[in-house]
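One structure is given here, and the rest of the page talks about it.
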Amino acid sequence: MRKVGVILKEFFRKHFPNLIYSSYVKDYLFTANVRSSVYVGAMVAALEIWMLITAITGTISSDGYRDAHWVLNHIISYITLLVTAIMMLIYAFLFLRGKIKSPKTGFAIRAFFTAVALAFGLYIAYTSYDPSGKVFAFLTMEIFCLCLFVWNPVSHFFILTLTFGLYLYFQNKLVPLTYSMKVNAFTLWITLLMTGINIHYQRKMEAQKDENLEKLNSHFKKRSFEDELTLLPNLNFFQRQAIEILGDVKTDISKLRFVFMDIENFKNYNQKYGFKSGNNFLRSVGHIMRAIFEGDLTARFSDDHFVALAKADGLEEKLVFFRKQVIELENTIQLGLKCGIYAPTDRYVPPSVALDHARYACLSVKKRFGCDIAEYNAVMDTEFKRKQYVINNIDLALKEGWIQVYYQPVVWADSGKICGAEALARWRDPTYGPLSPADFIPVLEEYRQIHKLDMYVMESVCRDLSEAYEKSQPYVPVSINFSRLDFELLNLVQEINALVERYKIKRDDIHIEITESALTDSDRELQDAIKEFRSQGFSLWLDDFGSGYSSLNALKDFSFDMMKIDMKFLSKFSENQKTRPILSSIVSLANKIGMQTLTEGVETSEAYEFLRSIGCQRLQGFLFGKPMPKNEFLEKIQNGEFKIEERFAQK
């Protein structure tokens, strides 16, 4: 029997593909039939109860003679249909409430009801004493069974044809059929057939529309929890699941570890092979990760970064093997895998915080050859908390004046007189005390908040210069260092011009410093900004020359007025014999291309005398003065400790 069913299914799939439905459509149509069963069952039950009452009370015999045999047979028929209708009604209620799950039971009950109802219609029509009403009982049951239930067109055709054939056969036995009767019967057959098929196709279209919406919702839901590229869970899903795992009191969190993984040198892979190949590479990494961390919670964090919440037991071996598998994916580019591990100590730690700790540990081994795995420890925790403190409190620090602008003097090498000053930020924190610039400037750059600090320094300098102008106080031109990010995050030319105009500052009193390392990725935007600054009268200084690896390219591609030679050149000045010829060559080169020179970090008279002898025009360092607040700087000028160039000594 099953083999016959398979053969029929394949036949219809081939010749009538519209009759082969998905499981979703089948379930939808079945549920629609169950809902119809409620109305049909209730209606039929009510009708049969009423018919039983009329039969028992004799009302049904009031319009003509009915013998006892006839009445008994009809009462049995009414009871049979009533019981069947109640069975169908009970099933429908239980199914819709989720008490019964089996659709086969429902189909059997509906098929049984249909057979009983149609047989009932035929019987009542055949045994009716009223020739004019024969057809009504039959048609009522036909409509109940074929137009309120949803049958596929083939079933609908066969059931309707069979019942109509039987009806006409019995009718012809009672009274020979006239031509008019045959035409009317055929017309009615066509009408019921088309009505049933039309209802079926309407329900089918509704089902398919709902199925498509369900698929679309499922797709979006899947995408909301899945990384589209690697098919690993995404960060959103990872965090939700991690909360559930850690929050379960049965989970021993001491046996779990958060892991942050960074594929080293992946940028070079993209540059060599292109982003399409890079994406294929990341898909392969995702596939490897699923296999190695099977049973653990994993996700793609972003770009070439991956995360996991894994069992501590055997974790290091997994990471070593994972690194080996990643490296073996590429032979020509030296790839690597750096991993940071964090052991949660609090069941309710936010996964984002745990991953930040793991990421911090990962960063601690980045660019460290031979060290690929690090676990978050107490020292890292102290550093991390300070770093988070900086980010969380930068706005408050600027508002409350915890950050102040200090000035370090710059002198002419030939006279020792002050010809300028560099503005430097100093953070005096109420919680941590004095914070070194190394504690907050790299953090602000990493989190793309450095522009807040730099513009604060710029406005403070403009305010101090404006006050010096108004009070006729001594002043000197001030140089201010700007990050490469300032050019990305702001229209820096416009912002600086706005401050200069608001405070009425002379443009030649502001020197724009740009760190050499910011120029390694030379681009047209930065070049245009530098040209615009120069055209408006600002002096452009190249800061920390020699600290990077593209110094000569910076000189070739960008135009600066001043070269600030990095203080590292003066480290161990007396001991390193190579320092003097290198510095001499740098100063000579700068003179040949029309740049002035300023050397930072001058701390000894020996270095001072040498730099002056090779023609370096300006000097800066502790030998001439440390960074200090404005008032202290002015006081040293007024008491004669600092000698400034005469044109800046206002009276």
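By convention in this document, the chains of the structure tokens carry letters A, B, ... by their order, each chain's residues are numbered from 1, and ligands are numbered from 1 in the order they are shown.
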
Residue neighbourhood A:Trp427, 10 Å, only C-alpha atoms, exclusion window fewer than 4 positions, as a PyMOL selection string
chain A and resi 394+397-398+401-405+432-437+439-440

Report as a PyMOL selection string: the residues of stretch 216-375 of chain A with a DSSP assignment of strand (DSSP E or B), based on the backbone of this structure.
chain A and resi 226+233+256-264+297-302+305-311+336-342+373-375

Could you name the residues that touch stretch 608-624 of chain A at 10 Å or less, counting only C-alpha atoms, but leaving out those on the same chain fewer than 5 positions away, as a PDB file with N, CA, C and O atoms, in the first residue's frame?
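Saved as result39.pdb:
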```
ATOM      1  N   GLN A 408      55.803  74.248  27.547  1.00  0.00           N
ATOM      2  CA  GLN A 408      57.239  73.993  27.647  1.00  0.00           C
ATOM      3  C   GLN A 408      57.952  74.927  26.681  1.00  0.00           C
ATOM      4  O   GLN A 408      57.617  74.969  25.487  1.00  0.00           O
ATOM      5  N   PRO A 409      58.940  75.690  27.191  1.00  0.00           N
ATOM      6  CA  PRO A 409      59.593  76.696  26.344  1.00  0.00           C
ATOM      7  C   PRO A 409      60.424  76.087  25.210  1.00  0.00           C
ATOM      8  O   PRO A 409      60.979  75.001  25.331  1.00  0.00           O
ATOM      9  N   VAL A 410      60.479  76.835  24.104  1.00  0.00           N
ATOM     10  CA  VAL A 410      61.340  76.537  22.957  1.00  0.00           C
ATOM     11  C   VAL A 410      62.270  77.741  22.800  1.00  0.00           C
ATOM     12  O   VAL A 410      61.803  78.896  22.830  1.00  0.00           O
ATOM     13  N   VAL A 411      63.583  77.482  22.635  1.00  0.00           N
ATOM     14  CA  VAL A 411      64.542  78.597  22.602  1.00  0.00           C
ATOM     15  C   VAL A 411      65.290  78.627  21.272  1.00  0.00           C
ATOM     16  O   VAL A 411      65.399  77.612  20.582  1.00  0.00           O
ATOM     17  N   TRP A 412      65.773  79.820  20.969  1.00  0.00           N
ATOM     18  CA  TRP A 412      66.705  79.949  19.847  1.00  0.00           C
ATOM     19  C   TRP A 412      68.032  79.344  20.259  1.00  0.00           C
ATOM     20  O   TRP A 412      68.539  79.605  21.352  1.00  0.00           O
ATOM     21  N   ALA A 413      68.614  78.551  19.403  1.00  0.00           N
ATOM     22  CA  ALA A 413      69.875  77.887  19.742  1.00  0.00           C
ATOM     23  C   ALA A 413      71.014  78.888  19.885  1.00  0.00           C
ATOM     24  O   ALA A 413      71.889  78.731  20.747  1.00  0.00           O
ATOM     25  N   ASP A 414      71.012  79.935  19.081  1.00  0.00           N
ATOM     26  CA  ASP A 414      72.161  80.855  19.102  1.00  0.00           C
ATOM     27  C   ASP A 414      72.128  81.822  20.278  1.00  0.00           C
ATOM     28  O   ASP A 414      73.171  82.254  20.764  1.00  0.00           O
ATOM     29  N   SER A 415      70.913  82.158  20.786  1.00  0.00           N
ATOM     30  CA  SER A 415      70.836  83.146  21.862  1.00  0.00           C
ATOM     31  C   SER A 415      70.310  82.571  23.172  1.00  0.00           C
ATOM     32  O   SER A 415      70.511  83.176  24.234  1.00  0.00           O
ATOM     33  N   GLY A 416      69.648  81.451  23.126  1.00  0.00           N
ATOM     34  CA  GLY A 416      69.054  80.887  24.332  1.00  0.00           C
ATOM     35  C   GLY A 416      67.767  81.563  24.746  1.00  0.00           C
ATOM     36  O   GLY A 416      67.168  81.200  25.764  1.00  0.00           O
ATOM     37  N   LYS A 417      67.311  82.570  23.967  1.00  0.00           N
ATOM     38  CA  LYS A 417      66.071  83.254  24.298  1.00  0.00           C
ATOM     39  C   LYS A 417      64.855  82.443  23.845  1.00  0.00           C
ATOM     40  O   LYS A 417      64.896  81.759  22.819  1.00  0.00           O
ATOM     41  N   ILE A 418      63.788  82.579  24.626  1.00  0.00           N
ATOM     42  CA  ILE A 418      62.571  81.832  24.306  1.00  0.00           C
ATOM     43  C   ILE A 418      61.902  82.446  23.083  1.00  0.00           C
ATOM     44  O   ILE A 418      61.644  83.658  23.036  1.00  0.00           O
ATOM     45  N   CYS A 419      61.615  81.572  22.090  1.00  0.00           N
ATOM     46  CA  CYS A 419      60.964  82.027  20.864  1.00  0.00           C
ATOM     47  C   CYS A 419      59.609  81.362  20.653  1.00  0.00           C
ATOM     48  O   CYS A 419      58.924  81.619  19.663  1.00  0.00           O
ATOM     49  N   GLY A 420      59.231  80.496  21.600  1.00  0.00           N
ATOM     50  CA  GLY A 420      57.950  79.811  21.464  1.00  0.00           C
ATOM     51  C   GLY A 420      57.730  78.850  22.610  1.00  0.00           C
ATOM     52  O   GLY A 420      58.547  78.757  23.547  1.00  0.00           O
ATOM     53  N   ALA A 421      56.627  78.130  22.540  1.00  0.00           N
ATOM     54  CA  ALA A 421      56.318  77.124  23.566  1.00  0.00           C
ATOM     55  C   ALA A 421      55.443  76.045  22.943  1.00  0.00           C
ATOM     56  O   ALA A 421      54.719  76.293  21.971  1.00  0.00           O
ATOM     57  N   GLU A 422      55.552  74.855  23.500  1.00  0.00           N
ATOM     58  CA  GLU A 422      54.673  73.775  23.061  1.00  0.00           C
ATOM     59  C   GLU A 422      53.587  73.572  24.110  1.00  0.00           C
ATOM     60  O   GLU A 422      53.873  73.509  25.314  1.00  0.00           O
ATOM     61  N   MET A 562      58.761  73.401   9.707  1.00  0.00           N
ATOM     62  CA  MET A 562      59.678  73.064  10.796  1.00  0.00           C
ATOM     63  C   MET A 562      59.772  71.551  10.958  1.00  0.00           C
ATOM     64  O   MET A 562      58.764  70.845  10.898  1.00  0.00           O
ATOM     65  N   MET A 563      60.993  71.068  11.168  1.00  0.00           N
ATOM     66  CA  MET A 563      61.214  69.658  11.475  1.00  0.00           C
ATOM     67  C   MET A 563      61.603  69.552  12.945  1.00  0.00           C
ATOM     68  O   MET A 563      62.627  70.090  13.364  1.00  0.00           O
ATOM     69  N   LYS A 564      60.755  68.849  13.737  1.00  0.00           N
ATOM     70  CA  LYS A 564      61.075  68.608  15.140  1.00  0.00           C
ATOM     71  C   LYS A 564      61.734  67.235  15.241  1.00  0.00           C
ATOM     72  O   LYS A 564      61.098  66.211  15.015  1.00  0.00           O
ATOM     73  N   ILE A 565      63.029  67.245  15.567  1.00  0.00           N
ATOM     74  CA  ILE A 565      63.803  65.998  15.623  1.00  0.00           C
ATOM     75  C   ILE A 565      63.498  65.288  16.934  1.00  0.00           C
ATOM     76  O   ILE A 565      63.595  65.882  18.016  1.00  0.00           O
ATOM     77  N   MET A 567      63.326  63.259  20.324  1.00  0.00           N
ATOM     78  CA  MET A 567      64.262  63.280  21.456  1.00  0.00           C
ATOM     79  C   MET A 567      65.054  61.980  21.594  1.00  0.00           C
ATOM     80  O   MET A 567      66.094  61.954  22.266  1.00  0.00           O
ATOM     81  N   ARG A 580      76.012  61.898  16.600  1.00  0.00           N
ATOM     82  CA  ARG A 580      76.431  63.202  16.090  1.00  0.00           C
ATOM     83  C   ARG A 580      76.379  63.275  14.562  1.00  0.00           C
ATOM     84  O   ARG A 580      75.794  64.217  14.017  1.00  0.00           O
ATOM     85  N   PRO A 581      76.971  62.309  13.840  1.00  0.00           N
ATOM     86  CA  PRO A 581      76.897  62.418  12.375  1.00  0.00           C
ATOM     87  C   PRO A 581      75.461  62.296  11.848  1.00  0.00           C
ATOM     88  O   PRO A 581      75.112  62.922  10.845  1.00  0.00           O
ATOM     89  N   LEU A 583      72.635  63.297  13.436  1.00  0.00           N
ATOM     90  CA  LEU A 583      71.967  64.579  13.680  1.00  0.00           C
ATOM     91  C   LEU A 583      72.487  65.649  12.727  1.00  0.00           C
ATOM     92  O   LEU A 583      71.710  66.464  12.203  1.00  0.00           O
ATOM     93  N   SER A 584      73.794  65.652  12.492  1.00  0.00           N
ATOM     94  CA  SER A 584      74.380  66.637  11.577  1.00  0.00           C
ATOM     95  C   SER A 584      73.803  66.481  10.170  1.00  0.00           C
ATOM     96  O   SER A 584      73.470  67.470   9.501  1.00  0.00           O
ATOM     97  N   SER A 585      73.639  65.235   9.727  1.00  0.00           N
ATOM     98  CA  SER A 585      73.095  64.976   8.388  1.00  0.00           C
ATOM     99  C   SER A 585      71.627  65.401   8.300  1.00  0.00           C
ATOM    100  O   SER A 585      71.179  65.937   7.279  1.00  0.00           O
ATOM    101  N   ILE A 586      70.879  65.155   9.370  1.00  0.00           N
ATOM    102  CA  ILE A 586      69.459  65.525   9.368  1.00  0.00           C
ATOM    103  C   ILE A 586      69.296  67.030   9.267  1.00  0.00           C
ATOM    104  O   ILE A 586      68.488  67.538   8.477  1.00  0.00           O
ATOM    105  N   VAL A 587      70.070  67.763  10.068  1.00  0.00           N
ATOM    106  CA  VAL A 587      69.975  69.229  10.042  1.00  0.00           C
ATOM    107  C   VAL A 587      70.387  69.758   8.672  1.00  0.00           C
ATOM    108  O   VAL A 587      69.751  70.668   8.115  1.00  0.00           O
ATOM    109  N   SER A 588      71.443  69.194   8.104  1.00  0.00           N
ATOM    110  CA  SER A 588      71.901  69.618   6.779  1.00  0.00           C
ATOM    111  C   SER A 588      70.830  69.351   5.722  1.00  0.00           C
ATOM    112  O   SER A 588      70.566  70.197   4.859  1.00  0.00           O
ATOM    113  N   ALA A 590      67.576  69.101   6.186  1.00  0.00           N
ATOM    114  CA  ALA A 590      66.458  70.017   6.391  1.00  0.00           C
ATOM    115  C   ALA A 590      66.765  71.384   5.788  1.00  0.00           C
ATOM    116  O   ALA A 590      65.909  71.999   5.126  1.00  0.00           O
ATOM    117  N   ASN A 591      67.991  71.883   6.004  1.00  0.00           N
ATOM    118  CA  ASN A 591      68.368  73.182   5.440  1.00  0.00           C
ATOM    119  C   ASN A 591      68.304  73.177   3.915  1.00  0.00           C
ATOM    120  O   ASN A 591      67.871  74.146   3.283  1.00  0.00           O
ATOM    121  N   GLN A 596      63.287  74.556   8.661  1.00  0.00           N
ATOM    122  CA  GLN A 596      64.015  74.847   9.885  1.00  0.00           C
ATOM    123  C   GLN A 596      63.992  73.603  10.764  1.00  0.00           C
ATOM    124  O   GLN A 596      63.192  72.687  10.555  1.00  0.00           O
ATOM    125  N   THR A 597      64.872  73.591  11.776  1.00  0.00           N
ATOM    126  CA  THR A 597      64.953  72.415  12.646  1.00  0.00           C
ATOM    127  C   THR A 597      64.814  72.806  14.108  1.00  0.00           C
ATOM    128  O   THR A 597      65.245  73.882  14.536  1.00  0.00           O
ATOM    129  N   LEU A 598      64.198  71.885  14.862  1.00  0.00           N
ATOM    130  CA  LEU A 598      64.051  72.017  16.311  1.00  0.00           C
ATOM    131  C   LEU A 598      64.308  70.630  16.883  1.00  0.00           C
ATOM    132  O   LEU A 598      63.697  69.652  16.456  1.00  0.00           O
ATOM    133  N   THR A 599      65.209  70.546  17.845  1.00  0.00           N
ATOM    134  CA  THR A 599      65.507  69.254  18.464  1.00  0.00           C
ATOM    135  C   THR A 599      64.892  69.203  19.854  1.00  0.00           C
ATOM    136  O   THR A 599      65.078  70.118  20.663  1.00  0.00           O
ATOM    137  N   GLU A 600      64.152  68.111  20.124  1.00  0.00           N
ATOM    138  CA  GLU A 600      63.512  67.916  21.429  1.00  0.00           C
ATOM    139  C   GLU A 600      64.425  67.140  22.360  1.00  0.00           C
ATOM    140  O   GLU A 600      65.357  66.458  21.923  1.00  0.00           O
ATOM    141  N   GLY A 601      64.126  67.209  23.653  1.00  0.00           N
ATOM    142  CA  GLY A 601      64.813  66.378  24.645  1.00  0.00           C
ATOM    143  C   GLY A 601      66.218  66.819  24.989  1.00  0.00           C
ATOM    144  O   GLY A 601      67.033  65.985  25.414  1.00  0.00           O
ATOM    145  N   VAL A 602      66.524  68.093  24.835  1.00  0.00           N
ATOM    146  CA  VAL A 602      67.868  68.599  25.172  1.00  0.00           C
ATOM    147  C   VAL A 602      67.963  68.736  26.690  1.00  0.00           C
ATOM    148  O   VAL A 602      67.225  69.526  27.295  1.00  0.00           O
ATOM    149  N   GLU A 603      68.885  67.976  27.294  1.00  0.00           N
ATOM    150  CA  GLU A 603      68.989  67.985  28.754  1.00  0.00           C
ATOM    151  C   GLU A 603      70.390  68.334  29.257  1.00  0.00           C
ATOM    152  O   GLU A 603      70.570  68.608  30.447  1.00  0.00           O
ATOM    153  N   PHE A 642      63.340  83.505  32.625  1.00  0.00           N
ATOM    154  CA  PHE A 642      63.229  83.209  31.200  1.00  0.00           C
ATOM    155  C   PHE A 642      63.427  84.501  30.427  1.00  0.00           C
ATOM    156  O   PHE A 642      62.801  85.526  30.740  1.00  0.00           O
TER     157      PHE A 642
END
```

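The two atoms in question, atom CA of A:Leu52 and atom CA of A:Leu160, are spaced 27.5 Å apart.
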